[in-house]
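Here is the file input36.cif (mmCIF, C-alpha atoms).
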```cif
data_final
#
loop_
_atom_site.label_atom_id
_atom_site.label_comp_id
_atom_site.auth_asym_id
_atom_site.auth_seq_id
_atom_site.Cartn_x
_atom_site.Cartn_y
_atom_site.Cartn_z
CA MET A 1000 -17.03 -13.16 8.26
CA GLU A 1001 -14.56 -14.74 10.60
CA ALA A 1002 -11.34 -13.52 12.18
CA ARG A 1003 -8.29 -15.70 11.54
CA ALA A 1004 -4.83 -15.46 13.09
CA ILE A 1005 -1.88 -14.93 10.77
CA ASN A 1006 0.50 -16.31 13.40
CA THR A 1007 0.06 -19.68 15.13
CA ASP A 1008 1.11 -18.66 18.64
CA TYR A 1009 -1.33 -18.97 21.55
CA LYS A 1010 -1.83 -15.20 21.98
CA SER A 1011 -2.77 -14.69 18.31
CA ILE A 1012 -5.20 -17.61 18.33
CA ALA A 1013 -6.78 -16.40 21.60
CA GLN A 1014 -7.29 -12.96 20.05
CA THR A 1015 -9.26 -14.51 17.18
CA TYR A 1016 -11.76 -15.93 19.69
CA LEU A 1017 -12.25 -12.46 21.16
CA ALA A 1018 -12.50 -10.87 17.70
CA ASN A 1019 -15.08 -13.43 16.57
CA GLY A 1020 -17.12 -12.81 19.73
CA ILE A 1021 -17.09 -9.06 19.13
CA LEU A 1022 -17.98 -9.55 15.45
CA ASP A 1023 -20.85 -11.86 16.40
CA TYR A 1024 -22.12 -9.27 18.90
CA TYR A 1025 -22.13 -6.49 16.29
CA MET A 1026 -23.65 -8.72 13.60
CA ARG A 1027 -26.58 -9.77 15.79
CA GLU A 1028 -27.09 -7.20 18.53
CA LYS A 1029 -26.10 -4.04 16.66
CA HIS A 1030 -27.64 -5.14 13.35
CA LEU A 1031 -24.47 -5.04 11.26
CA GLU A 1032 -25.76 -8.09 9.36
CA ASP A 1033 -28.93 -6.17 8.42
CA ALA A 1034 -26.82 -3.20 7.28
CA LEU A 1035 -24.67 -5.49 5.12
CA LYS A 1036 -27.77 -7.07 3.54
CA THR A 1037 -29.25 -3.64 2.81
CA ALA A 1038 -25.97 -2.46 1.24
CA VAL A 1039 -25.90 -5.55 -1.00
CA GLU A 1040 -29.53 -4.98 -2.02
CA MET A 1041 -28.77 -1.35 -2.89
CA ALA A 1042 -25.71 -2.45 -4.86
CA ILE A 1043 -27.79 -4.92 -6.88
CA VAL A 1044 -30.57 -2.42 -7.61
CA LEU A 1045 -28.67 0.91 -7.75
CA GLY A 1046 -25.14 -0.18 -8.68
CA ALA A 1047 -23.59 0.69 -5.30
CA GLY A 1048 -24.38 0.48 -1.61
CA PHE A 1049 -22.50 1.97 1.32
CA ILE A 1050 -22.31 1.59 5.09
CA LYS A 1051 -21.20 4.47 7.29
CA MET A 1052 -19.65 3.33 10.56
CA GLU A 1053 -19.24 5.99 13.21
CA TRP A 1054 -18.65 6.35 16.92
CA ASN A 1055 -21.55 7.88 18.83
CA ALA A 1056 -20.18 9.21 22.13
CA THR A 1057 -23.70 9.95 23.44
CA SER A 1058 -24.93 6.37 23.11
CA GLY A 1059 -24.59 3.40 25.45
CA ASP A 1060 -24.85 3.09 29.22
CA VAL A 1061 -23.90 5.86 31.63
CA TYR A 1062 -20.56 5.10 33.25
CA ASP A 1063 -19.78 8.38 35.04
CA VAL A 1064 -21.02 11.89 35.81
CA ASP A 1065 -18.78 14.93 35.34
CA GLU A 1066 -18.35 17.81 37.82
CA ASN A 1067 -21.34 19.64 36.23
CA GLY A 1068 -23.66 16.67 36.75
CA ILE A 1069 -23.68 15.75 33.06
CA GLU A 1070 -23.80 12.03 32.36
CA ILE A 1071 -20.87 10.51 30.47
CA LYS A 1072 -21.84 7.52 28.39
CA GLU A 1073 -19.79 4.57 27.17
CA GLY A 1074 -20.37 5.36 23.50
CA GLU A 1075 -21.14 2.89 20.75
CA ILE A 1076 -20.38 2.12 17.13
CA GLU A 1077 -23.36 2.76 14.87
CA PHE A 1078 -24.02 1.73 11.28
CA THR A 1079 -25.98 3.71 8.69
CA ASN A 1080 -26.80 2.61 5.16
CA LEU A 1081 -26.15 5.12 2.40
CA SER A 1082 -27.31 4.92 -1.19
CA PRO A 1083 -25.29 6.12 -4.21
CA PHE A 1084 -27.39 9.30 -3.99
CA ASP A 1085 -25.88 10.00 -0.55
CA VAL A 1086 -22.18 9.55 -1.36
CA VAL A 1087 -19.99 11.76 -3.56
CA PHE A 1088 -16.38 11.01 -4.48
CA ASP A 1089 -13.89 11.52 -7.32
CA GLY A 1090 -15.25 9.08 -9.88
CA SER A 1091 -12.35 9.72 -12.24
CA ARG A 1092 -9.92 7.79 -10.02
CA GLU A 1093 -8.82 4.41 -11.42
CA SER A 1094 -8.59 2.82 -7.98
CA HIS A 1095 -10.71 2.84 -4.85
CA ASN A 1096 -7.92 4.65 -3.01
CA LEU A 1097 -9.82 7.93 -2.69
CA ASP A 1098 -8.43 11.16 -1.24
CA TRP A 1099 -11.83 12.56 -0.33
CA TYR A 1100 -15.52 11.82 -0.19
CA MET A 1101 -18.67 13.53 1.02
CA ILE A 1102 -21.79 11.91 2.45
CA ARG A 1103 -25.32 12.99 3.25
CA THR A 1104 -27.23 11.65 6.22
CA PHE A 1105 -30.35 12.92 7.95
CA ARG A 1106 -30.43 14.05 11.57
CA ASN A 1107 -33.07 15.48 13.85
CA ARG A 1108 -33.27 19.26 13.52
CA PHE A 1109 -33.89 19.83 17.24
CA ASP A 1110 -30.95 17.66 18.32
CA LEU A 1111 -28.71 19.72 16.02
CA MET A 1112 -30.14 22.99 17.35
CA ALA A 1113 -29.38 21.86 20.91
CA LYS A 1114 -25.84 20.85 19.94
CA TYR A 1115 -25.14 24.03 17.91
CA PRO A 1116 -27.22 26.78 19.58
CA GLU A 1117 -25.16 29.54 17.91
CA ILE A 1118 -26.66 28.63 14.51
CA ALA A 1119 -30.04 27.34 15.73
CA ASP A 1120 -31.91 29.87 13.56
CA VAL A 1121 -30.10 28.67 10.44
CA ILE A 1122 -30.83 25.02 11.29
CA ARG A 1123 -34.49 25.88 11.96
CA GLY A 1124 -34.79 27.26 8.39
CA ILE A 1125 -33.42 24.19 6.61
CA PRO A 1126 -36.06 22.17 4.74
CA SER A 1127 -36.72 18.77 6.28
CA LYS A 1128 -36.45 15.45 4.52
CA SER A 1129 -40.21 15.44 3.95
CA ASP A 1130 -40.12 19.02 2.53
CA SER A 1131 -37.59 17.98 -0.09
CA SER A 1132 -38.89 14.46 -0.75
CA ILE A 1133 -39.36 15.19 -4.45
CA TYR A 1134 -35.56 14.85 -4.74
CA ARG A 1135 -35.40 11.60 -2.82
CA MET A 1136 -36.03 8.03 -3.87
CA ALA A 1137 -37.67 6.30 -0.95
CA LEU A 1138 -38.91 2.82 -0.26
CA LEU A 1139 -40.55 3.86 2.99
CA SER A 1140 -43.25 6.37 3.85
CA ASN A 1141 -42.49 10.07 3.40
CA ASP A 1142 -44.39 11.18 6.49
CA VAL A 1143 -43.61 14.56 8.00
CA THR A 1144 -40.28 14.50 9.84
CA ASP A 1145 -37.92 16.85 11.65
CA ASP A 1146 -34.88 15.21 10.04
CA ILE A 1147 -32.75 17.52 7.89
CA PRO A 1148 -29.87 16.74 5.54
CA VAL A 1149 -26.42 16.91 7.15
CA TYR A 1150 -23.28 16.70 5.04
CA GLU A 1151 -19.87 15.37 6.07
CA PHE A 1152 -16.70 15.88 4.08
CA TYR A 1153 -13.68 13.64 4.71
CA HIS A 1154 -10.21 14.20 3.25
CA LYS A 1155 -7.46 11.75 4.13
CA LYS A 1156 -3.92 12.82 4.95
CA THR A 1157 -2.06 13.66 1.73
CA ASP A 1158 0.91 15.80 0.73
CA ALA A 1159 -1.49 18.62 -0.11
CA MET A 1160 -3.48 18.13 3.12
CA PRO A 1161 -0.97 16.76 5.68
CA LYS A 1162 -3.43 16.76 8.58
CA GLY A 1163 -6.41 15.57 6.57
CA ARG A 1164 -9.76 17.28 6.96
CA TYR A 1165 -13.20 16.61 8.37
CA MET A 1166 -16.07 19.03 7.97
CA LEU A 1167 -19.68 18.69 9.14
CA PHE A 1168 -22.13 21.15 7.62
CA VAL A 1169 -25.72 21.89 6.73
CA SER A 1170 -26.96 23.78 3.71
CA PRO A 1171 -29.17 26.79 4.45
CA ARG A 1172 -32.43 27.44 2.61
CA SER A 1173 -31.72 30.97 1.37
CA GLU A 1174 -28.90 33.37 0.53
CA GLU A 1175 -29.72 35.41 3.64
CA HIS A 1176 -28.73 32.44 5.84
CA THR A 1177 -25.62 31.61 3.80
CA SER A 1178 -23.66 34.63 5.08
CA GLU A 1179 -24.87 33.95 8.62
CA LEU A 1180 -23.68 30.33 8.42
CA GLN A 1181 -20.31 31.33 6.94
CA SER A 1182 -19.67 33.71 9.82
CA HIS A 1183 -19.81 30.75 12.23
#
```
As structure tokens, what does this structure read like?
Amino acid sequence: MEARAINTDYKSIAQTYLANGILDYYMREKHLEDALKTAVEMAIVLGAGFIKMEWNATSGDVYDVDENGIEIKEGEIEFTNLSPFDVVFDGSRESHNLDWYMIRTFRNRFDLMAKYPEIADVIRGIPSKSDSSIYRMALLSNDVTDDIPVYEFYHKKTDAMPKGRYMLFVSPRSEEHTSELQSH
């Protein structure tokens, strides 16, 4: 990949040098090239491969401390590979212009409990990736882990949903936890 200027003025050409430097940094240092290769491999074997790009505000170097003594970090873009088993969308659409999609990733149970203490008991009861590995195709070891499935739903801005929608959720293990989760 290479950035190219549409216009031929000096400012546009100078911006392509900066863009190419940033792209090179992410390809090499942040392993975007590895993520692209993995997505292509999944597409060849499974028919589709996806990359989730997200901003992680708790990553990067510390650049400040707030009035409570909590460190504020620079943040960083992160890339995660997703298989066709981790992405759901409206497959009946003729184009790739989708209104919504939902993805599944795995996150550490204890990090989520610290971030959402009001539903820590619900999160504690969710089966881990290793508990539910019979439903998962894996190329790597299925050792015991504290990672649990986390789902994200994205809906773009449409006439029916003018502000769009984002929802992050986990699925509880039993009916008893379902009502508890819904109340939050």
Contacts of range 1012-1097 of chain A with range 1102-1123 of chain A up to 8 Å, shortest pair per row, all atoms listed in the file, as a tab-separated table:
```
residue	atom	partner	partner_atom	distance
A:Leu1081	CA	A:Thr1104	CA	7.6
A:Asp1085	CA	A:Arg1103	CA	4.9
A:Val1086	CA	A:Ile1102	CA	4.5
A:Val1087	CA	A:Ile1102	CA	6.3
```
Please evaluate the PyMOL selection byres ((chain A and resi 1147-1160) around 9) against the displayed coordinates and give the resulting residues as a short mmCIF file (atom, residue, chain, number, x, y, z; two decimals) with C-alpha atoms, in the coordinates of the input.
```cif
data_model
loop_
_atom_site.label_atom_id
_atom_site.label_comp_id
_atom_site.auth_asym_id
_atom_site.auth_seq_id
_atom_site.Cartn_x
_atom_site.Cartn_y
_atom_site.Cartn_z
CA LEU A 1097 -9.82 7.93 -2.69
CA ASP A 1098 -8.43 11.16 -1.24
CA TRP A 1099 -11.83 12.56 -0.33
CA TYR A 1100 -15.52 11.82 -0.19
CA MET A 1101 -18.67 13.53 1.02
CA ILE A 1102 -21.79 11.91 2.45
CA ARG A 1103 -25.32 12.99 3.25
CA THR A 1104 -27.23 11.65 6.22
CA PHE A 1105 -30.35 12.92 7.95
CA ARG A 1106 -30.43 14.05 11.57
CA ASN A 1107 -33.07 15.48 13.85
CA ARG A 1108 -33.27 19.26 13.52
CA ILE A 1122 -30.83 25.02 11.29
CA ILE A 1125 -33.42 24.19 6.61
CA PRO A 1126 -36.06 22.17 4.74
CA SER A 1127 -36.72 18.77 6.28
CA LYS A 1128 -36.45 15.45 4.52
CA SER A 1129 -40.21 15.44 3.95
CA THR A 1144 -40.28 14.50 9.84
CA ASP A 1145 -37.92 16.85 11.65
CA ASP A 1146 -34.88 15.21 10.04
CA PRO A 1161 -0.97 16.76 5.68
CA LYS A 1162 -3.43 16.76 8.58
CA GLY A 1163 -6.41 15.57 6.57
CA ARG A 1164 -9.76 17.28 6.96
CA TYR A 1165 -13.20 16.61 8.37
CA MET A 1166 -16.07 19.03 7.97
CA LEU A 1167 -19.68 18.69 9.14
CA PHE A 1168 -22.13 21.15 7.62
CA VAL A 1169 -25.72 21.89 6.73
CA SER A 1170 -26.96 23.78 3.71
#
```
Q: Please provide the set of residues having any atom within 8 Å of range 1045-1061 of chain A, restricted to all atoms listed in the file, with same-chain residues fewer than 6 positions apart removed, written as number ranges by chain.
A: A: 1034-1035, 1037-1039, 1070-1083
Thr1015 in chain A environment, 7 Å, only C-alpha atoms, sequence neighbours closer than 5 positions dropped, as a PDB file with C-alpha atoms, keeping the file's coordinate frame:
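Result went into part34.pdb, see below:
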```
ATOM      1  CA  ALA A1002     -11.340 -13.520  12.180  1.00  0.00           C
ATOM      2  CA  ARG A1003      -8.290 -15.700  11.540  1.00  0.00           C
ATOM      3  CA  ALA A1004      -4.830 -15.460  13.090  1.00  0.00           C
TER       4      ALA A1004
END
```
Q) Hey, can you check how far CA of Val1064 in chain A sits from CA of Glu1028 in chain A? A) 26.5 Å
Q. So how many Å separate CA of Met1000 in chain A and CA of Leu1017 in chain A, to one decimal?
A. 13.8 Å
Any idea what's packed within 10 Å of Tyr1016 in chain A, counting only C-alpha atoms, ignoring anything in its chain fewer than 3 positions away? Could you give it as a PDB file with C-alpha atoms, keeping the file's coordinate frame?
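Printed below is around.pdb as written:
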```
ATOM      1  CA  GLU A1001     -14.560 -14.740  10.600  1.00  0.00           C
ATOM      2  CA  ALA A1002     -11.340 -13.520  12.180  1.00  0.00           C
ATOM      3  CA  ARG A1003      -8.290 -15.700  11.540  1.00  0.00           C
ATOM      4  CA  ALA A1004      -4.830 -15.460  13.090  1.00  0.00           C
ATOM      5  CA  SER A1011      -2.770 -14.690  18.310  1.00  0.00           C
ATOM      6  CA  ILE A1012      -5.200 -17.610  18.330  1.00  0.00           C
ATOM      7  CA  ALA A1013      -6.780 -16.400  21.600  1.00  0.00           C
ATOM      8  CA  ASN A1019     -15.080 -13.430  16.570  1.00  0.00           C
ATOM      9  CA  GLY A1020     -17.120 -12.810  19.730  1.00  0.00           C
ATOM     10  CA  ILE A1021     -17.090  -9.060  19.130  1.00  0.00           C
ATOM     11  CA  LEU A1022     -17.980  -9.550  15.450  1.00  0.00           C
TER      12      LEU A1022
END
```
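Note that the spacing between CA of Phe1084 in chain A and CA of Met1026 in chain A amounts to 25.5 Å.
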Save range 1060-1178 of chain A to disk from that block, C-alpha atoms included, as a PDB file, in the first residue's frame.
```pdb
ATOM      1  CA  ASP A1060       2.884   5.968  26.839  1.00  0.00           C
ATOM      2  CA  VAL A1061       1.683   8.031  29.793  1.00  0.00           C
ATOM      3  CA  TYR A1062       1.459  11.689  28.829  1.00  0.00           C
ATOM      4  CA  ASP A1063      -0.340  13.188  31.847  1.00  0.00           C
ATOM      5  CA  VAL A1064      -1.851  12.471  35.259  1.00  0.00           C
ATOM      6  CA  ASP A1065      -5.333  13.702  36.184  1.00  0.00           C
ATOM      7  CA  GLU A1066      -6.325  15.392  39.467  1.00  0.00           C
ATOM      8  CA  ASN A1067      -7.017  11.952  41.044  1.00  0.00           C
ATOM      9  CA  GLY A1068      -3.521  10.682  40.228  1.00  0.00           C
ATOM     10  CA  ILE A1069      -4.749   8.417  37.433  1.00  0.00           C
ATOM     11  CA  GLU A1070      -2.390   8.140  34.484  1.00  0.00           C
ATOM     12  CA  ILE A1071      -3.671   9.332  31.105  1.00  0.00           C
ATOM     13  CA  LYS A1072      -2.145   7.481  28.203  1.00  0.00           C
ATOM     14  CA  GLU A1073      -1.641   8.511  24.582  1.00  0.00           C
ATOM     15  CA  GLY A1074      -3.810   5.700  23.228  1.00  0.00           C
ATOM     16  CA  GLU A1075      -3.087   3.548  20.202  1.00  0.00           C
ATOM     17  CA  ILE A1076      -4.758   1.918  17.233  1.00  0.00           C
ATOM     18  CA  GLU A1077      -4.947  -1.860  17.580  1.00  0.00           C
ATOM     19  CA  PHE A1078      -5.734  -4.551  15.028  1.00  0.00           C
ATOM     20  CA  THR A1079      -7.534  -7.836  15.705  1.00  0.00           C
ATOM     21  CA  ASN A1080      -8.163 -10.612  13.206  1.00  0.00           C
ATOM     22  CA  LEU A1081     -11.679 -12.007  13.070  1.00  0.00           C
ATOM     23  CA  SER A1082     -12.827 -15.148  11.305  1.00  0.00           C
ATOM     24  CA  PRO A1083     -16.193 -15.562   9.533  1.00  0.00           C
ATOM     25  CA  PHE A1084     -17.343 -17.269  12.748  1.00  0.00           C
ATOM     26  CA  ASP A1085     -16.802 -13.991  14.635  1.00  0.00           C
ATOM     27  CA  VAL A1086     -18.670 -11.598  12.311  1.00  0.00           C
ATOM     28  CA  VAL A1087     -22.421 -11.435  11.663  1.00  0.00           C
ATOM     29  CA  PHE A1088     -24.082  -9.155   9.116  1.00  0.00           C
ATOM     30  CA  ASP A1089     -27.089  -9.049   6.778  1.00  0.00           C
ATOM     31  CA  GLY A1090     -26.005 -11.536   4.134  1.00  0.00           C
ATOM     32  CA  SER A1091     -29.058 -10.815   1.995  1.00  0.00           C
ATOM     33  CA  ARG A1092     -27.704  -7.401   0.952  1.00  0.00           C
ATOM     34  CA  GLU A1093     -26.541  -7.199  -2.680  1.00  0.00           C
ATOM     35  CA  SER A1094     -23.755  -4.745  -1.862  1.00  0.00           C
ATOM     36  CA  HIS A1095     -21.148  -4.437   0.856  1.00  0.00           C
ATOM     37  CA  ASN A1096     -22.831  -1.236   2.044  1.00  0.00           C
ATOM     38  CA  LEU A1097     -24.097  -2.733   5.306  1.00  0.00           C
ATOM     39  CA  ASP A1098     -26.326  -0.969   7.832  1.00  0.00           C
ATOM     40  CA  TRP A1099     -25.237  -3.128  10.749  1.00  0.00           C
ATOM     41  CA  TYR A1100     -22.874  -5.856  11.831  1.00  0.00           C
ATOM     42  CA  MET A1101     -21.963  -7.655  15.040  1.00  0.00           C
ATOM     43  CA  ILE A1102     -18.585  -9.061  16.032  1.00  0.00           C
ATOM     44  CA  ARG A1103     -17.257 -11.372  18.712  1.00  0.00           C
ATOM     45  CA  THR A1104     -13.867 -10.898  20.310  1.00  0.00           C
ATOM     46  CA  PHE A1105     -12.401 -12.329  23.495  1.00  0.00           C
ATOM     47  CA  ARG A1106     -11.310 -10.185  26.435  1.00  0.00           C
ATOM     48  CA  ASN A1107      -9.903 -10.910  29.858  1.00  0.00           C
ATOM     49  CA  ARG A1108     -12.674 -11.531  32.382  1.00  0.00           C
ATOM     50  CA  PHE A1109     -10.874  -9.713  35.219  1.00  0.00           C
ATOM     51  CA  ASP A1110     -10.187  -6.606  33.123  1.00  0.00           C
ATOM     52  CA  LEU A1111     -13.899  -6.450  32.288  1.00  0.00           C
ATOM     53  CA  MET A1112     -14.865  -6.954  35.942  1.00  0.00           C
ATOM     54  CA  ALA A1113     -12.601  -4.050  36.920  1.00  0.00           C
ATOM     55  CA  LYS A1114     -14.067  -1.847  34.191  1.00  0.00           C
ATOM     56  CA  TYR A1115     -17.712  -2.800  34.929  1.00  0.00           C
ATOM     57  CA  PRO A1116     -17.827  -3.555  38.689  1.00  0.00           C
ATOM     58  CA  GLU A1117     -21.635  -3.195  38.785  1.00  0.00           C
ATOM     59  CA  ILE A1118     -22.011  -6.424  36.774  1.00  0.00           C
ATOM     60  CA  ALA A1119     -18.852  -8.198  37.981  1.00  0.00           C
ATOM     61  CA  ASP A1120     -20.878 -11.182  39.242  1.00  0.00           C
ATOM     62  CA  VAL A1121     -22.473 -11.653  35.833  1.00  0.00           C
ATOM     63  CA  ILE A1122     -19.091 -11.432  34.092  1.00  0.00           C
ATOM     64  CA  ARG A1123     -17.612 -13.912  36.585  1.00  0.00           C
ATOM     65  CA  GLY A1124     -20.276 -16.476  35.580  1.00  0.00           C
ATOM     66  CA  ILE A1125     -19.656 -16.322  31.829  1.00  0.00           C
ATOM     67  CA  PRO A1126     -17.913 -19.399  30.417  1.00  0.00           C
ATOM     68  CA  SER A1127     -14.381 -18.719  29.221  1.00  0.00           C
ATOM     69  CA  LYS A1128     -13.042 -19.382  25.758  1.00  0.00           C
ATOM     70  CA  SER A1129     -11.530 -22.657  26.972  1.00  0.00           C
ATOM     71  CA  ASP A1130     -14.857 -23.718  28.597  1.00  0.00           C
ATOM     72  CA  SER A1131     -16.665 -23.331  25.288  1.00  0.00           C
ATOM     73  CA  SER A1132     -13.870 -24.509  22.984  1.00  0.00           C
ATOM     74  CA  ILE A1133     -16.058 -27.244  21.524  1.00  0.00           C
ATOM     75  CA  TYR A1134     -17.782 -24.466  19.544  1.00  0.00           C
ATOM     76  CA  ARG A1135     -14.562 -22.905  18.341  1.00  0.00           C
ATOM     77  CA  MET A1136     -12.248 -23.810  15.502  1.00  0.00           C
ATOM     78  CA  ALA A1137      -8.731 -23.125  16.682  1.00  0.00           C
ATOM     79  CA  LEU A1138      -5.306 -23.415  15.174  1.00  0.00           C
ATOM     80  CA  LEU A1139      -3.596 -22.718  18.475  1.00  0.00           C
ATOM     81  CA  SER A1140      -3.657 -24.452  21.844  1.00  0.00           C
ATOM     82  CA  ASN A1141      -6.890 -24.401  23.845  1.00  0.00           C
ATOM     83  CA  ASP A1142      -5.193 -24.006  27.214  1.00  0.00           C
ATOM     84  CA  VAL A1143      -7.208 -22.682  30.139  1.00  0.00           C
ATOM     85  CA  THR A1144      -7.811 -18.948  29.801  1.00  0.00           C
ATOM     86  CA  ASP A1145      -9.683 -16.141  31.527  1.00  0.00           C
ATOM     87  CA  ASP A1146     -10.797 -14.686  28.186  1.00  0.00           C
ATOM     88  CA  ILE A1147     -14.561 -14.541  27.659  1.00  0.00           C
ATOM     89  CA  PRO A1148     -16.585 -13.723  24.547  1.00  0.00           C
ATOM     90  CA  VAL A1149     -17.532 -10.057  24.185  1.00  0.00           C
ATOM     91  CA  TYR A1150     -19.964  -8.926  21.501  1.00  0.00           C
ATOM     92  CA  GLU A1151     -20.114  -5.545  19.779  1.00  0.00           C
ATOM     93  CA  PHE A1152     -23.016  -4.370  17.654  1.00  0.00           C
ATOM     94  CA  TYR A1153     -22.544  -1.481  15.220  1.00  0.00           C
ATOM     95  CA  HIS A1154     -25.350   0.255  13.320  1.00  0.00           C
ATOM     96  CA  LYS A1155     -24.468   3.111  10.996  1.00  0.00           C
ATOM     97  CA  LYS A1156     -26.495   6.297  10.760  1.00  0.00           C
ATOM     98  CA  THR A1157     -29.631   5.661   8.690  1.00  0.00           C
ATOM     99  CA  ASP A1158     -33.094   7.191   8.375  1.00  0.00           C
ATOM    100  CA  ALA A1159     -34.387   4.606  10.838  1.00  0.00           C
ATOM    101  CA  MET A1160     -31.439   5.117  13.211  1.00  0.00           C
ATOM    102  CA  PRO A1161     -30.349   8.771  12.719  1.00  0.00           C
ATOM    103  CA  LYS A1162     -27.681   8.686  15.432  1.00  0.00           C
ATOM    104  CA  GLY A1163     -26.445   5.193  14.654  1.00  0.00           C
ATOM    105  CA  ARG A1164     -25.859   2.725  17.463  1.00  0.00           C
ATOM    106  CA  TYR A1165     -23.014   0.982  19.238  1.00  0.00           C
ATOM    107  CA  MET A1166     -23.568  -1.658  21.877  1.00  0.00           C
ATOM    108  CA  LEU A1167     -21.005  -3.695  23.814  1.00  0.00           C
ATOM    109  CA  PHE A1168     -22.374  -6.723  25.646  1.00  0.00           C
ATOM    110  CA  VAL A1169     -21.634 -10.121  27.122  1.00  0.00           C
ATOM    111  CA  SER A1170     -23.941 -13.107  27.185  1.00  0.00           C
ATOM    112  CA  PRO A1171     -24.649 -14.560  30.626  1.00  0.00           C
ATOM    113  CA  ARG A1172     -24.495 -18.292  31.345  1.00  0.00           C
ATOM    114  CA  SER A1173     -27.988 -18.763  32.785  1.00  0.00           C
ATOM    115  CA  GLU A1174     -31.482 -17.268  32.805  1.00  0.00           C
ATOM    116  CA  GLU A1175     -30.950 -16.093  36.386  1.00  0.00           C
ATOM    117  CA  HIS A1176     -28.182 -13.733  35.201  1.00  0.00           C
ATOM    118  CA  THR A1177     -30.128 -12.550  32.139  1.00  0.00           C
ATOM    119  CA  SER A1178     -32.557 -10.440  34.186  1.00  0.00           C
TER     120      SER A1178
END
```
